[in-house]
2 protein chains.
Amino acid sequence: MILEAIYHEAYGAYAFPLNRNQLKVRLRAKKGDIIRAEVVHGDRYTPYEAGKDTITVMEKVGSTDLFDYYEAVLHSQTRRLRYLFHLTDGNQGIWYGERGFSDSPFSCQPFQFAYITEQDLFQVPDWVDDGIVYQIFPERFANGNPQNDPEGVLPWGGEPRWDNFFGGDIEGITQNLEYLADLGVTVIYLTPIFQSPSNHKYNTTDYYKIDPHFGDVEDVKRMVAKAHQLGIKVIFDAVFNHCGYDFFAFQDVIKNGKKSKYWDWFFIEDEPVVTKPRPNYETFANDVWSMPKLNTKHPEVKKYLLDVARYWLEETDMDGWRLDVSNEVDSWFWRDFRRVVKETKPDALIIGEVWHNAHPWLQGDQYDSVMNYLFRDAMVDFFAKGTIGVERFHTLLLKSQLAYNDHANRGMFNLIDSHDTERFLTTCKEQVERMRLAVLFQMCYPGMPMIYYGDEIGMVGKNDPDCRRTFIWDPHQQNQDLLNWYKKCIQLRKSLPSLRKGNYRTWYINPTGNVYGIIRGSDTEQPVGVLINNSPFTHMITLPAAWKKGHELVDQIEGQRWAIKDQTVEIILKPYQGLVLV
Amino acid sequence: MILEAIYHEAYGAYAFPLNRNQLKVRLRAKKGDIIRAEVVHGDRYTPYEAGKDTITVMEKVGSTDLFDYYEAVLHSQTRRLRYLFHLTDGNQGIWYGERGFSDSPFSCQPFQFAYITEQDLFQVPDWVDDGIVYQIFPERFANGNPQNDPEGVLPWGGEPRWDNFFGGDIEGITQNLEYLADLGVTVIYLTPIFQSPSNHKYNTTDYYKIDPHFGDVEDVKRMVAKAHQLGIKVIFDAVFNHCGYDFFAFQDVIKNGKKSKYWDWFFIEDEPVVTKPRPNYETFANDVWSMPKLNTKHPEVKKYLLDVARYWLEETDMDGWRLDVSNEVDSWFWRDFRRVVKETKPDALIIGEVWHNAHPWLQGDQYDSVMNYLFRDAMVDFFAKGTIGVERFHTLLLKSQLAYNDHANRGMFNLIDSHDTERFLTTCKEQVERMRLAVLFQMCYPGMPMIYYGDEIGMVGKNDPDCRRTFIWDPHQQNQDLLNWYKKCIQLRKSLPSLRKGNYRTWYINPTGNVYGIIRGSDTEQPVGVLINNSPFTHMITLPAAWKKGHELVDQIEGQRWAIKDQTVEIILKPYQGLVLV
């Protein structure tokens with residue numbers, strides 16, 4: 001047994017309560033090294049006695065390139081746990097506890113999960129389990145009210161630039177909510193809509209005012225109300241890391257220097273405030289003069305922003321916040337933010353923007369989940385660029401799932417692109433078959449699939465600003481096949497609970513053929529098999545099929561049937577074909 | 001290279017800021033596997049370019065039974081870091097990033113530490129670096145005022161039982177502060193002093209009243225003021241997990257049942273409240289009827305307890321709180337507690353009671369540090385019981401140090417026993433030479449040494465209640481040799497900054513002879529060598545001695561001198577002897 005590979009800790013993604021009487025624990029071991037992993041556990045005020053503890057056998061839930069991962073759910077009436085692992089590799093059994101490894105359960109000291117409090121339970125809104133998210137960049141989605149267009153507005157369909165405008169607005173969203181409902185969307189996430197001089201509006205002038213070119217608060221209320229009628233939740237963008245240059249407080253320090261009562265709302269080197277040759281104040285990223293960084297330590301700044309968070313929830317009844325550059329704002333701010341948001345609307349959602357491992361923010365005290373860029377990176381490399389094979393793809397997915405607890409995984413915004421990236425179809429070099437396969441997989445993956453506006457009709461675009469083109473509303477210019485494919489995949493996800501709530505188990509990995517199979521299911525839901533042939537070749541493959549006897553697998557996309565013989569099934573996969581088998 | 005053994009994560013004990021421009025990172029690898037570890041880092045808004053990044057070579061800071069640990073401090077002007085590791089084993093170089101291992105720095109994606117905020121810096125009071133802690137169980141330390149003795153008080157020196165009293169009080173502490181100052185103590189930690197019917201007072205009746213048998217608030221103020229004059233800080237015990245049966249709110253629910261406005265302050269199954277056959281309410285541990293668990297989720301309970309925390313800081317000017325059963329109270333409570341305490345007195349100290357790995361509570365948002373029972377366990381097994389050898393001892397110490405960040409390690413209460421354990425000398429089977437050696441080592445260890453009252457004069461006692469005997473004030477009955485040894489060791493620690501603030505590096509491990517050597521020092525402090533012969537035999541050992549040329553090592557205890565020849569030194573260690581070499 002390779003002891004150096006074995007890993008557990010009694011916190012974080014390795015031990016987290018599911019509820020007040022259940023603790024999920026994970027264990028990592030070298031791939032192929034262990035044949036049996038058990039957890040021996042009891043109340044932590046009761047000393048361990050050989051043979052008197054509860055034994056829970058762990059399930060091997062998946063393997064990456066290097067490791068096998070095991071999970072178990074431990075039950076506790078007293079909510080206070082101590083536990084040891086017992087691991088067997090065929091030759092040798094060993095105990096593993098907080099002190100390390102031992103041949104005796106008495107000398108390695110148990111891990112402890114001191115007490116499962118109600119307050120520290122990670123509560124994610126239940127509606128995330130059914131979520132299909134659609135991201136809207138309002139200036140480019142639809143122009144519902146030409147009356148509020150900015151001066152110099154360009155004709156719809158022009159080339160997007162950093163600084164031009166096409167007149168998209170809130171009314172445009174409202175008018176097209178039926179389109180989104182028809183597509184199957186249940187959540188819309190809007191990039192910022194508060195007053196700001198830019199087209200992206202990430203440099204806020206007034207947090208309390210809807211940008212006049214987008215409409216007014218009444219427009220927003222109507223939009224939210226109609227969305228709710230259609231079963232759609234609405235998420236706003238909280239740009240609290242920084243404000244815009246025109247924000248009243250920043251203008252005050254420009255005017256009054258250190259005498260301004262807002263001086264400490266920012267990080268300014270000295271008066272006067274200058275923007276050249278470089279801004280003499282902290283900004284978003286490095287030296288972006290139009291986005292002064294806010295001092296979220298300052299009690300007034302904090303109060304101001306938390307009031308904003310509460311105000312829009314109360315005023316418009318919207319359903320949550322996506323947090324811009326959230327990893328650069330301190331954890332104390334986000335914890336207070338969470339309190340305010342959840343007190344105001346208990347089932348509101350909080351989604352952070354973190355492009356890397358977001359573990360520190362996903363412990364239940366800050367965000368519900370994040371924009372899942374780890375997922376996107378894997379999807380791009382595997383489906384769009386083809387720069388990684390199926391083994392690496394699988395490893396990256398599993399690593400990202402196991403980096404987080406189950407709660408955060410439920411609420412992931414599983415994107416394949418966004419307003420900050422190249423469009424997926426463009427990365428695919430417009431090979432639609434790659435995109436279709438990726439979308440099918442996205443719709444079969446745990447967490448909430450997120451569609452970037454226009455992806456579903458085949459819109460293309462390189463990096464910002466090109467990825468922010470105006471939505472193509474002319475049906476003849478839309479890729480109707482792709483749109484129907486999106487609808488079909490979404491309906492599949494909606495019709496099969498296992499795709500939404502089931503666990504995620506490896507079914508098949510064919511590294512040379514680039515074929516990937518997963519099973520999604522649980523004790524209570526029927527298993528669904530998903531097969532992905534990410535190659536230009538037809539593959540005939542033989543798979544284990546642990547469905548109940550006499551069952552015939554039916555592809556939910558094309559309806560083809562596959563007989564199970566002797567617990568195996570032979571399946572033919574066409575180039576870039578995906579199957580969803582029930 | 002054994003990739004499965006390599007571990008890093010960009011948070012927790014593996015990546016933590018030292019200040020706004022310095023991030024300490026740690027890396028774990030299989031023991032003996034790597035010969036060079038480097039960190040390649042830059043601003044995270046600037047993409048990696050080969051050869052253009054900053055390179056920081058990691059230092060190997062120690063090895064446990066299985067692993068080598070490396071550390072580096074990364075500097076960043078922008079406070080935003082991305083970094084990759086480059087590891088070499090002699091044959092092979094490999095890159096390690098968030099995505100895993102690769103032969104290319106471009107395909108493993110850097111780890112990221114998004115931004116070092118001021119708010120999330122872990123601020124521990126500076127005075128901990130000079131701390132020598134003395135734990136007092138007030139009922140048994142000294143009877144300064146016989147007027148306030150409880151009815152039925154027993155003569156000083158009697159046998160301690162669960163329910164008897166000997167008359168110790170606050171005045172007794174005040175009168176003996178000079179004794180403690182003379183011993184070298186700089187911090188006293190008092191087990192609870194608020195009104196309670198028990199001798200230990202962990203079942204509080206009134207959080208706002210000093211127990212009348214201990215004195216009154218004026219006595220406490222005098223005690224604190226005098227302590228401060230003598231350079232001694234005072235820590236109180238916060239018993240906030242549970243109250244006593246006589247606590248007004250619990251009495252109200254007993255009387256009024258569900259009609260009581262305090263019903264939700266507790267976790268009661270049903271009215272009436274009963275204690276038999278088992279209490280029908282949640283308690284400390286399992287079914288301890290005299291200690292009803294408090295519902296710290298309830299806003300009024302929370303406010304009540306936080307007001308208590310603030311009140312005593314303000315009223316008496318005491319210096320911090322030790323938190324009883326702190327691992328069973330939710331993290332939201334402790335975060336608010338930290339805010340209140342640090343706002344009230346910025347350099348107040350917060351020490352949790354956690355007997356196992358306390359990592360979740362030591363991220364800077366909850367406690368400053370904990371009672372270091374991991375240290376105690378190792379000390380007991382190695383010095384007192386002799387059930388582990390020096391290799392295991394070293395592994396346990398290093399594991400506990402590396403389980404936490406540097407900040408938490410500074411503030412540890414490094415105990416060898418307490419009111420909840422057998423006395424160390426008793427565990428030593430009264431072999432004083434073992435205790436002396438342990439105490440010397442304790443005084444040379446990072447964090448604050450904690451002395452349980454009376455240990456220094458040779459008091460013995462089995463588990464609670466026997467470990468709570470009355471202090472022996474008659475000098476003729478005290479072990480004066482041991483007392484002098486304590487004083488000497490404490491003075492040594494005070495005279496050598498490296499023992500208080502230096503890093504901790506392995507010097508020598510002799511598993512068969514059971515000899516242990518460490519070096520404590522830093523770039524700015526002269527190194528101090530500590531050698532421990534935990535055996536009944538004399539050992540002559542040869543060690544590397546990287547002191548500057550011509551230096552002669554002088555033992556700070558007995559004054560003996562040891563010449564360094566060719567960067568080595570030959571030293572003779574007598575049975576159970578410890579040397580502190582400068």
# chains A, B, ... in the order shown; residues from 1 in each chain; ligands from 1
$ residues_around --residues "Lys429 in chain B" --least-positions-apart "5" --cutoff "12 Å" --atoms "only C-alpha atoms" --output "ChimeraX atom specification"
/B:380,383-386,422-424,434-435,458,460-462
$ write_last_selection --atoms "N, CA and C atoms" --output "short mmCIF file (atom, residue, chain, number, x, y, z; two decimals), in the first residue's frame"
data_model
loop_
_atom_site.label_atom_id
_atom_site.label_comp_id
_atom_site.auth_asym_id
_atom_site.auth_seq_id
_atom_site.Cartn_x
_atom_site.Cartn_y
_atom_site.Cartn_z
N VAL B 380 3.43 13.57 26.16
CA VAL B 380 3.09 12.51 27.10
C VAL B 380 3.66 11.18 26.62
N PHE B 383 7.90 11.63 26.45
CA PHE B 383 8.64 11.89 27.69
C PHE B 383 8.08 11.14 28.89
N ALA B 384 6.74 11.18 29.04
CA ALA B 384 6.17 10.66 30.29
C ALA B 384 5.99 9.15 30.23
N LYS B 385 5.36 8.67 29.16
CA LYS B 385 5.08 7.24 29.09
C LYS B 385 6.18 6.45 28.40
N GLY B 386 6.92 7.13 27.52
CA GLY B 386 7.92 6.40 26.75
C GLY B 386 7.33 5.38 25.78
N GLU B 422 -4.63 13.88 33.60
CA GLU B 422 -3.72 13.50 34.66
C GLU B 422 -2.54 14.49 34.68
N ARG B 423 -1.97 14.72 35.85
CA ARG B 423 -0.78 15.57 35.91
C ARG B 423 0.41 14.87 35.26
N PHE B 424 1.23 15.67 34.59
CA PHE B 424 2.35 15.12 33.82
C PHE B 424 3.29 14.31 34.70
N ARG B 434 12.32 12.78 33.93
CA ARG B 434 11.55 12.80 32.68
C ARG B 434 10.80 14.12 32.55
N MET B 435 10.20 14.51 33.66
CA MET B 435 9.45 15.76 33.66
C MET B 435 10.37 16.95 33.37
N GLY B 458 6.10 20.34 41.59
CA GLY B 458 6.08 18.88 41.71
C GLY B 458 4.75 18.29 42.14
N VAL B 460 1.33 16.30 42.04
CA VAL B 460 0.89 15.11 41.31
C VAL B 460 -0.63 15.01 41.38
N GLY B 461 -1.18 14.07 40.62
CA GLY B 461 -2.62 13.89 40.64
C GLY B 461 -3.06 13.12 39.42
N LYS B 462 -3.96 12.16 39.66
CA LYS B 462 -4.51 11.41 38.54
C LYS B 462 -5.59 12.27 37.88
#
$ residues_around --residues "range 491-496 of chain B" --least-positions-apart "4" --cutoff "12 Å" --atoms "only C-alpha atoms" --output "ChimeraX atom specification"
/B:129-132,181-186,439-449,484-487,500-502,520-521,525-530,555-558,579-582
$ residues_around --residues "Tyr48 in chain B" --least-positions-apart "6" --cutoff "9 Å" --atoms "only C-alpha atoms" --output "list in words"
His41, Gly42, Arg82, Tyr83, Pro105, Phe106 and Pro110 of chain B
$ write_last_selection --atoms "N, CA, C and O atoms" --output "PDB file, in the first residue's frame"
ATOM      1  N   HIS B  41       6.670  32.300 -10.205  1.00  0.00           N
ATOM      2  CA  HIS B  41       5.461  33.065  -9.913  1.00  0.00           C
ATOM      3  C   HIS B  41       5.467  34.456 -10.523  1.00  0.00           C
ATOM      4  O   HIS B  41       6.517  35.009 -10.854  1.00  0.00           O
ATOM      5  N   GLY B  42       4.267  35.001 -10.642  1.00  0.00           N
ATOM      6  CA  GLY B  42       4.098  36.345 -11.190  1.00  0.00           C
ATOM      7  C   GLY B  42       2.721  36.875 -10.859  1.00  0.00           C
ATOM      8  O   GLY B  42       1.947  36.225 -10.142  1.00  0.00           O
ATOM      9  N   ARG B  82      -0.060  34.141  -9.227  1.00  0.00           N
ATOM     10  CA  ARG B  82      -0.188  32.819  -9.839  1.00  0.00           C
ATOM     11  C   ARG B  82       1.176  32.175  -9.724  1.00  0.00           C
ATOM     12  O   ARG B  82       2.196  32.860  -9.771  1.00  0.00           O
ATOM     13  N   TYR B  83       1.185  30.862  -9.511  1.00  0.00           N
ATOM     14  CA  TYR B  83       2.476  30.207  -9.333  1.00  0.00           C
ATOM     15  C   TYR B  83       2.421  28.746  -9.732  1.00  0.00           C
ATOM     16  O   TYR B  83       1.395  28.079  -9.615  1.00  0.00           O
ATOM     17  N   PRO B 105       5.196  23.901 -18.534  1.00  0.00           N
ATOM     18  CA  PRO B 105       4.532  24.865 -17.643  1.00  0.00           C
ATOM     19  C   PRO B 105       3.241  25.413 -18.242  1.00  0.00           C
ATOM     20  O   PRO B 105       2.473  26.068 -17.544  1.00  0.00           O
ATOM     21  N   PHE B 106       3.016  25.130 -19.520  1.00  0.00           N
ATOM     22  CA  PHE B 106       1.849  25.711 -20.179  1.00  0.00           C
ATOM     23  C   PHE B 106       0.599  24.840 -20.075  1.00  0.00           C
ATOM     24  O   PHE B 106      -0.485  25.269 -20.415  1.00  0.00           O
ATOM     25  N   PRO B 110      -1.468  27.432 -13.537  1.00  0.00           N
ATOM     26  CA  PRO B 110      -0.903  27.833 -12.241  1.00  0.00           C
ATOM     27  C   PRO B 110      -1.913  27.756 -11.097  1.00  0.00           C
ATOM     28  O   PRO B 110      -3.115  27.892 -11.304  1.00  0.00           O
TER      29      PRO B 110
END
$ closest_residue --among "A:Met450, A:Val390, A:Val569, A:Leu121" --to "Lys297 in chain B" --atoms "only C-alpha atoms"
A:Leu121
$ closest_atom_pairs --of "chain B" --to "chain A" --cutoff "6 Å" --atoms "only C-alpha atoms" --output "CSV"
residue,atom,partner,partner_atom,distance
B:Glu4,CA,A:Ala5,CA,4.9
B:Ala5,CA,A:Glu4,CA,4.9
B:Ala114,CA,A:Asn327,CA,5.8
B:Tyr115,CA,A:Glu328,CA,5.0
B:Thr117,CA,A:Asp330,CA,5.9
B:Asn327,CA,A:Ala114,CA,5.8
B:Glu328,CA,A:Tyr115,CA,5.0
B:Asp330,CA,A:Thr117,CA,5.9
$ atom_distance --atom1 "CA of Phe165 in chain B" --atom2 "CA of Val153 in chain B"
5.2 Å
$ residues_around --residues "Asp270 in chain A" --least-positions-apart "2" --cutoff "10 Å" --atoms "only C-alpha atoms" --output "PyMOL selection string"
chain A and resi 257-258+263+267-268+272-274+280-281
$ write_last_selection --atoms "N, CA and C atoms" --output "PDB file, in the first residue's frame"
ATOM      1  N   GLY A 257     -10.292  65.700  -2.833  1.00  0.00           N
ATOM      2  CA  GLY A 257      -9.054  65.106  -2.338  1.00  0.00           C
ATOM      3  C   GLY A 257      -9.240  64.503  -0.960  1.00  0.00           C
ATOM      4  N   LYS A 258      -8.232  64.649  -0.109  1.00  0.00           N
ATOM      5  CA  LYS A 258      -8.257  64.027   1.212  1.00  0.00           C
ATOM      6  C   LYS A 258      -9.347  64.600   2.112  1.00  0.00           C
ATOM      7  N   TRP A 263     -12.703  59.597   0.918  1.00  0.00           N
ATOM      8  CA  TRP A 263     -11.298  59.294   0.638  1.00  0.00           C
ATOM      9  C   TRP A 263     -10.955  57.838   0.977  1.00  0.00           C
ATOM     10  N   PHE A 267      -8.438  53.104  -2.380  1.00  0.00           N
ATOM     11  CA  PHE A 267      -7.022  52.985  -2.011  1.00  0.00           C
ATOM     12  C   PHE A 267      -6.243  53.954  -2.889  1.00  0.00           C
ATOM     13  N   ILE A 268      -6.102  55.194  -2.410  1.00  0.00           N
ATOM     14  CA  ILE A 268      -5.499  56.243  -3.234  1.00  0.00           C
ATOM     15  C   ILE A 268      -4.147  56.610  -2.652  1.00  0.00           C
ATOM     16  N   PRO A 272      -3.456  65.099  -5.878  1.00  0.00           N
ATOM     17  CA  PRO A 272      -4.748  64.857  -6.484  1.00  0.00           C
ATOM     18  C   PRO A 272      -4.814  63.463  -7.119  1.00  0.00           C
ATOM     19  N   VAL A 273      -6.040  62.979  -7.305  1.00  0.00           N
ATOM     20  CA  VAL A 273      -6.247  61.707  -7.994  1.00  0.00           C
ATOM     21  C   VAL A 273      -5.904  61.902  -9.469  1.00  0.00           C
ATOM     22  N   VAL A 274      -5.017  61.072  -9.980  1.00  0.00           N
ATOM     23  CA  VAL A 274      -4.678  61.171 -11.407  1.00  0.00           C
ATOM     24  C   VAL A 274      -4.857  59.813 -12.079  1.00  0.00           C
ATOM     25  N   ASN A 280      -3.157  56.661  -9.847  1.00  0.00           N
ATOM     26  CA  ASN A 280      -2.489  56.599  -8.539  1.00  0.00           C
ATOM     27  C   ASN A 280      -3.453  56.078  -7.469  1.00  0.00           C
ATOM     28  N   TYR A 281      -4.260  55.119  -7.880  1.00  0.00           N
ATOM     29  CA  TYR A 281      -5.178  54.462  -6.949  1.00  0.00           C
ATOM     30  C   TYR A 281      -5.339  53.014  -7.409  1.00  0.00           C
TER      31      TYR A 281
END
$ select_by_dssp --residues "range 115-240 of chain A" --states "alpha helix (DSSP H)" --output "JSON, numbers by chain"
{"A": [170, 171, 172, 173, 174, 175, 177, 178, 179, 180, 181, 182, 183, 217, 218, 219, 220, 221, 222, 223, 224, 225, 226, 227, 228, 229]}
$ select_by_dssp --residues "range 18-191 of chain A" --states "strand (DSSP E)" --output "PyMOL selection string"
chain A and resi 18-19+22-30+36-43+54-57+59-63+67-75+81-88+93-97+100-102+111-113+133-136+187-190
$ atom_distance --atom1 "CA of Glu353 in chain B" --atom2 "CA of His228 in chain B"
24.8 Å
$ closest_residue --among "B:Val124, B:Asp287, B:His551, B:Ile55" --to "Ile350 in chain B" --atoms "only C-alpha atoms"
B:Val124
$ residues_around --residues "Pro150 in chain B" --least-positions-apart "3" --cutoff "10 Å" --atoms "only C-alpha atoms" --output "list of chain:residue names"
B:Pro146, B:Gln147, B:Val153, B:Leu154, B:Asn164, B:Phe165, B:Phe166, B:Gly167, B:Gly168, B:Pro212, B:His213, B:Phe214
